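Source file: work-v4.cif; contents: mmCIF, C-alpha atoms and all ligand atoms.
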```cif
data_data
#
loop_
_atom_site.label_atom_id
_atom_site.label_comp_id
_atom_site.auth_asym_id
_atom_site.auth_seq_id
_atom_site.Cartn_x
_atom_site.Cartn_y
_atom_site.Cartn_z
CA MET A 1 0.00 0.00 0.00
CA ALA A 2 1.35 3.44 -0.86
CA MET A 3 2.49 5.56 2.06
CA ALA A 4 -0.16 8.21 1.41
CA ALA A 5 -2.95 5.63 1.35
CA ARG A 6 -1.70 4.02 4.56
CA PHE A 7 -1.54 7.42 6.23
CA ALA A 8 -5.07 8.23 5.07
CA GLU A 9 -6.30 4.92 6.47
CA LEU A 10 -4.57 5.55 9.79
CA LEU A 11 -6.01 9.03 9.95
CA SER A 12 -9.56 7.91 9.17
CA GLY A 13 -9.16 5.27 11.86
CA LEU A 14 -8.30 7.96 14.39
CA VAL A 15 -10.99 10.36 13.28
CA ALA A 16 -13.77 7.86 12.84
CA PRO A 17 -13.17 4.69 14.83
CA GLY A 18 -15.60 1.86 14.19
CA MET A 19 -18.98 2.09 15.84
CA CYS A 20 -20.87 -0.96 17.06
CA TRP A 21 -24.17 -1.22 15.13
CA SER A 22 -25.86 -2.75 18.17
CA CYS A 23 -24.79 -0.72 21.24
CA SER A 24 -23.08 2.27 19.53
CA GLY A 25 -19.94 1.51 21.53
CA LEU A 26 -16.46 1.37 20.04
CA ALA A 27 -15.80 -1.43 17.60
CA ARG A 28 -12.59 -2.43 15.88
CA ARG A 29 -12.31 -0.79 12.50
CA GLY A 30 -14.01 -2.92 9.90
CA GLU A 31 -15.94 -4.86 12.55
CA PRO A 32 -19.70 -4.23 12.67
CA LEU A 33 -19.94 -5.15 16.36
CA CYS A 34 -17.90 -4.44 19.48
CA ALA A 35 -16.24 -7.39 21.21
CA THR A 36 -19.03 -7.64 23.82
CA CYS A 37 -21.87 -7.69 21.28
CA ARG A 38 -19.94 -10.07 19.05
CA ALA A 39 -19.51 -12.46 21.98
CA SER A 40 -23.25 -12.18 22.73
CA LEU A 41 -24.28 -13.56 19.32
CA HIS A 42 -26.26 -16.76 19.69
CA ARG A 43 -24.43 -19.11 17.33
CA LEU A 44 -26.39 -21.94 15.75
CA ALA A 45 -25.39 -25.53 15.09
CA ALA A 46 -23.75 -26.47 11.82
CA GLU A 47 -26.62 -28.73 10.76
CA PRO A 48 -29.23 -27.23 8.47
CA VAL A 49 -32.83 -27.26 9.69
CA LEU A 50 -36.07 -27.69 7.78
CA ALA A 51 -38.25 -24.58 7.49
CA SER A 52 -41.40 -24.93 5.38
CA GLY A 53 -39.83 -28.06 3.90
CA ILE A 54 -36.62 -26.40 2.73
CA ARG A 55 -33.13 -27.04 4.15
CA VAL A 56 -31.92 -23.80 5.70
CA TRP A 57 -28.69 -22.90 7.40
CA ALA A 58 -27.75 -19.68 9.21
CA PRO A 59 -24.76 -18.96 11.49
CA VAL A 60 -26.64 -17.00 14.17
CA ALA A 61 -30.06 -16.73 15.82
CA TYR A 62 -32.22 -13.74 14.94
CA SER A 63 -32.04 -11.92 18.26
CA GLY A 64 -30.05 -9.23 20.06
CA ALA A 65 -27.07 -7.88 18.14
CA ALA A 66 -27.82 -10.05 15.09
CA ARG A 67 -31.27 -8.49 14.84
CA ASP A 68 -29.71 -5.01 15.11
CA LEU A 69 -27.40 -5.81 12.19
CA VAL A 70 -30.26 -7.12 10.05
CA ARG A 71 -32.31 -4.00 10.78
CA ALA A 72 -29.37 -1.68 10.09
CA LEU A 73 -28.84 -3.33 6.71
CA LYS A 74 -32.54 -3.16 5.90
CA PHE A 75 -33.63 0.17 7.29
CA ARG A 76 -30.54 2.30 7.90
CA GLY A 77 -28.93 1.80 4.52
CA ALA A 78 -25.87 0.15 6.03
CA ILE A 79 -25.06 -1.68 2.81
CA ALA A 80 -21.48 -2.41 3.97
CA LEU A 81 -22.96 -4.76 6.57
CA ALA A 82 -23.84 -7.17 3.78
CA ASP A 83 -20.16 -8.08 3.48
CA ALA A 84 -19.80 -8.56 7.25
CA MET A 85 -22.79 -10.92 7.21
CA ALA A 86 -21.40 -12.78 4.20
CA ALA A 87 -18.10 -13.18 6.06
CA GLN A 88 -19.95 -14.79 8.99
CA ILE A 89 -21.81 -17.12 6.66
CA VAL A 90 -18.75 -18.21 4.68
CA ALA A 91 -16.49 -18.58 7.75
CA ASN A 92 -18.98 -20.72 9.67
CA ALA A 93 -20.71 -22.62 6.90
CA PRO A 94 -20.98 -26.37 7.43
CA PRO A 95 -19.05 -28.55 4.97
CA GLY A 96 -20.53 -28.34 1.52
CA ARG A 97 -21.96 -24.85 1.72
CA PRO A 98 -21.01 -22.36 0.60
CA GLY A 99 -17.39 -23.10 -0.21
CA PRO A 100 -15.23 -25.06 -2.60
CA ALA A 101 -17.35 -28.18 -1.98
CA SER A 102 -20.43 -26.35 -3.17
CA ALA A 103 -18.92 -25.87 -6.63
CA GLY A 104 -21.70 -26.12 -9.14
CA CYS A 105 -24.07 -24.31 -6.83
CA THR A 106 -25.53 -20.99 -7.87
CA LEU A 107 -26.52 -18.34 -5.34
CA VAL A 108 -29.97 -16.89 -5.94
CA PRO A 109 -31.10 -13.96 -3.78
CA VAL A 110 -34.66 -13.95 -2.45
CA PRO A 111 -36.36 -11.18 -4.42
CA LEU A 112 -37.74 -7.99 -2.94
CA HIS A 113 -41.06 -6.64 -4.13
CA PRO A 114 -40.43 -3.89 -6.74
CA ARG A 115 -42.24 -1.32 -4.61
CA ARG A 116 -40.00 -2.15 -1.64
CA LEU A 117 -36.96 -2.12 -3.91
CA ARG A 118 -37.83 1.37 -5.11
CA SER A 119 -38.18 2.76 -1.59
CA ARG A 120 -35.11 1.00 -0.17
CA GLY A 121 -32.91 1.39 -3.23
CA TYR A 122 -31.37 -2.06 -2.92
CA ASN A 123 -32.25 -5.66 -2.14
CA GLN A 124 -30.41 -6.62 1.05
CA ALA A 125 -30.56 -10.34 0.15
CA ALA A 126 -28.91 -9.61 -3.21
CA ALA A 127 -26.19 -7.54 -1.49
CA ILE A 128 -25.43 -10.48 0.82
CA ALA A 129 -25.50 -12.95 -2.10
CA ASP A 130 -23.02 -10.80 -4.08
CA ALA A 131 -20.68 -10.62 -1.08
CA ILE A 132 -20.87 -14.40 -0.52
CA GLY A 133 -20.24 -14.92 -4.23
CA ASP A 134 -17.09 -12.78 -4.04
CA ARG A 135 -15.82 -14.53 -0.95
CA ALA A 136 -16.67 -18.12 -1.89
CA GLY A 137 -16.16 -17.86 -5.64
CA LEU A 138 -19.75 -18.82 -6.46
CA PRO A 139 -21.91 -17.40 -9.25
CA VAL A 140 -24.90 -15.22 -8.36
CA LEU A 141 -28.03 -15.25 -10.50
CA ARG A 142 -30.94 -12.86 -10.06
CA CYS A 143 -33.55 -15.07 -11.68
CA LEU A 144 -36.39 -14.48 -9.22
CA SER A 145 -38.73 -11.53 -8.91
CA ARG A 146 -41.88 -10.74 -7.03
CA SER A 147 -45.18 -9.48 -8.34
CA GLY A 148 -48.64 -8.89 -7.02
CA PRO A 149 -49.57 -7.18 -3.77
CA SER A 150 -46.74 -6.20 -1.43
CA ILE A 151 -48.39 -6.46 1.96
CA THR A 152 -45.71 -6.41 4.60
CA GLN A 153 -45.20 -9.48 6.80
CA VAL A 154 -45.87 -7.30 9.82
CA GLY A 155 -49.58 -7.32 10.50
CA ARG A 156 -50.22 -10.62 8.80
CA ASP A 157 -50.91 -13.33 11.32
CA ARG A 158 -48.73 -16.38 11.64
CA ALA A 159 -51.01 -18.65 9.63
CA GLU A 160 -51.07 -16.14 6.78
CA ARG A 161 -47.30 -15.77 6.84
CA ARG A 162 -46.88 -19.54 6.83
CA ALA A 163 -49.22 -19.81 3.88
CA GLY A 164 -46.73 -17.93 1.74
CA PRO A 165 -45.32 -14.56 0.88
CA ALA A 166 -47.53 -11.71 -0.22
CA GLY A 167 -47.62 -11.68 -4.01
CA SER A 168 -46.11 -14.36 -6.18
CA ILE A 169 -42.61 -15.44 -7.18
CA ASP A 170 -41.70 -15.28 -10.87
CA VAL A 171 -38.73 -16.97 -12.54
CA THR A 172 -36.86 -15.44 -15.48
CA GLY A 173 -34.50 -17.23 -17.86
CA GLU A 174 -32.55 -20.43 -17.40
CA VAL A 175 -32.64 -22.00 -13.95
CA PRO A 176 -29.49 -23.67 -12.57
CA GLU A 177 -29.72 -27.28 -11.35
CA ARG A 178 -28.35 -26.61 -7.89
CA VAL A 179 -29.51 -23.47 -6.15
CA LEU A 180 -28.62 -21.94 -2.81
CA LEU A 181 -31.22 -19.30 -2.02
CA VAL A 182 -29.84 -16.37 -0.02
CA ASP A 183 -31.75 -14.16 2.40
CA ASP A 184 -30.84 -11.91 5.32
CA VAL A 185 -33.15 -13.58 7.85
CA VAL A 186 -35.38 -16.64 7.90
CA THR A 187 -38.51 -16.72 10.02
CA THR A 188 -41.12 -19.26 8.89
CA GLY A 189 -39.37 -20.14 5.65
CA ALA A 190 -42.60 -19.53 3.73
CA THR A 191 -40.93 -17.14 1.28
CA LEU A 192 -38.04 -19.56 0.75
CA GLY A 193 -40.53 -22.37 0.20
CA ALA A 194 -42.34 -20.34 -2.45
CA CYS A 195 -39.02 -19.56 -4.16
CA ARG A 196 -38.03 -23.23 -4.09
CA ASP A 197 -41.37 -24.33 -5.57
CA ALA A 198 -41.03 -21.79 -8.38
CA LEU A 199 -37.45 -22.96 -9.14
CA LEU A 200 -38.32 -26.68 -9.04
CA ALA A 201 -41.20 -26.05 -11.41
CA ARG A 202 -38.72 -24.54 -13.85
CA GLY A 203 -36.19 -27.37 -13.77
CA ALA A 204 -34.01 -26.87 -10.69
CA ARG A 205 -33.14 -30.21 -9.05
CA ASP A 206 -31.81 -29.24 -5.64
CA VAL A 207 -32.75 -26.08 -3.75
CA ALA A 208 -31.50 -25.22 -0.26
CA ALA A 209 -31.05 -21.88 1.51
CA ILE A 210 -28.59 -19.87 3.56
CA ALA A 211 -29.23 -16.75 5.58
CA PHE A 212 -27.37 -14.60 8.07
CA ALA A 213 -29.86 -15.19 10.90
CA ARG A 214 -32.71 -17.54 11.71
CA THR A 215 -35.57 -17.20 14.16
CA ILE A 216 -35.47 -19.90 16.79
CA GLY A 217 -37.87 -21.12 19.45
CA ARG A 218 -41.04 -21.23 17.36
ZN ZN B 301 -21.72 -3.40 20.96
#
```
For the structure just supplied, provide its representation as structure tokens.
Amino acid sequence: MAMAARFAELLSGLVAPGMCWSCSGLARRGEPLCATCRASLHRLAAEPVLASGIRVWAPVAYSGAARDLVRALKFRGAIALADAMAAQIVANAPPGRPGPASAGCTLVPVPLHPRRLRSRGYNQAAAIADAIGDRAGLPVLRCLSRSGPSITQVGRDRAERRAGPAGSIDVTGEVPERVLLVDDVVTTGATLGACRDALLARGARDVAAIAFARTIGR
């Protein structure tokens, strides 16, 4: 690194040290959480679980600091957090996903409704998928989209949410045989299940999912 660039990095580190996205305390530069919040993350077992019939794996439970990160990525425009989440996923992924052993797998982000995409400006699932793709050397394909009504999950009761996502999932173009769906957080898995059904109907053979966080205790 050139001297000037190193100096600039040092200076920015002094002027703007990292801030923890959960407690607003000091975090190491480049780290989204301080040491205390990082240690408080509820880490999940390496085995995938079944949610709405689809195999899902996530490194952490959706609670506490993990929830703060997901919300910051979604609602505070903290797009850089996508890479931090991808790093957690890739570093802790069980054998076979997503790493060298998952060669032949294509990452497909869970689509955001176009109305939501317009207001947010980006799809957080796609940002995480791109970052995982960079880190694990896997291709990313945006072959899914959403149409129809865009009622938010909040306010729908549990049975409605389990029944499926608001609107429908559409598939565009060629579908890869092996797909790893990517989302920021998994709750009931209903959306993932709808994505899987749409992909299987178009020729995919194996569809599983990874996310940064998963709701537990339901
Ligand atoms: Zn903290």
Practice task
List all protein, DNA and RNA residues that have any atom at most 9 Å from ligand ZN 301 (chain B), counting all atoms listed in the file, and write the list as a ChimeraX atom specification.
Solution key: /A:19-27,32-38,65
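Here CA of Ser63 in chain A and CA of Ala39 in chain A stand 13.1 Å from one another.
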Practice task
Quote the spacing between CA of Cys143 in chain A and CA of Ala125 in chain A in Å to one decimal place.
Solution key: 13.1 Å
Practice task
Could you check how far CA of Val90 in chain A sits from CA of Ile216 in chain A, in Å to one decimal?
Solution key: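 Spanning CA of Val90 in chain A to CA of Ile216 in chain A is a straight-line distance of 20.7 Å.
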Handout entry: Residue neighbourhood Ala127 in chain A, 10 Å, all atoms listed in the file, exclusion window fewer than 2 positions, as a list in words
Key = Leu73, Ile79, Ala80, Leu81, Ala82, Asp83, Met85, Ala86, Pro109, Tyr122, Asn123, Gln124, Ala125, Ala129, Asp130, Ala131, Ile132, Gly133, Val182, Asp183 and Asp184 of chain A
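Proximity ranking of A:Val207, A:Ala58, A:Val171, A:Val108 relative to Arg142 in chain A places A:Val108 first, based on only C-alpha atoms.
The nearest approach to Gln88 in chain A among the residues A:Val110, A:Val140, A:Ala45, A:Val60, with all atoms listed in the file taken into account, belongs to A:Val60.
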Exercise for the section: Could you check which of A:Val185, A:Thr106, A:Gly64, A:Arg146 is closest to His42 in chain A, using all atoms listed in the file? Expected result: A:Gly64
Determine, counting only C-alpha atoms, which protein, DNA and RNA residues have an atom within 9 Å of an atom of Arg196 in chain A; residues of the same chain fewer than 6 positions away are not included. Present the result as a PDB file with C-alpha atoms, keeping the file's coordinate frame.
```
ATOM      1  CA  ILE A  54     -36.620 -26.400   2.730  1.00  0.00           C
ATOM      2  CA  VAL A 179     -29.510 -23.470  -6.150  1.00  0.00           C
ATOM      3  CA  LEU A 181     -31.220 -19.300  -2.020  1.00  0.00           C
ATOM      4  CA  ALA A 204     -34.010 -26.870 -10.690  1.00  0.00           C
ATOM      5  CA  ASP A 206     -31.810 -29.240  -5.640  1.00  0.00           C
ATOM      6  CA  VAL A 207     -32.750 -26.080  -3.750  1.00  0.00           C
ATOM      7  CA  ALA A 208     -31.500 -25.220  -0.260  1.00  0.00           C
TER       8      ALA A 208
END
```
Exercise for the section: Quick one: everything within 12 Å of Pro149 in chain A, counting all atoms listed in the file, minus sequence neighbours fewer than 5 positions away in the same chain. Send it as a list of chain:residue names. Expected result: A:Leu112, A:His113, A:Pro114, A:Arg115, A:Arg116, A:Pro165, A:Ala166, A:Gly167, A:Ser168, A:Ile169
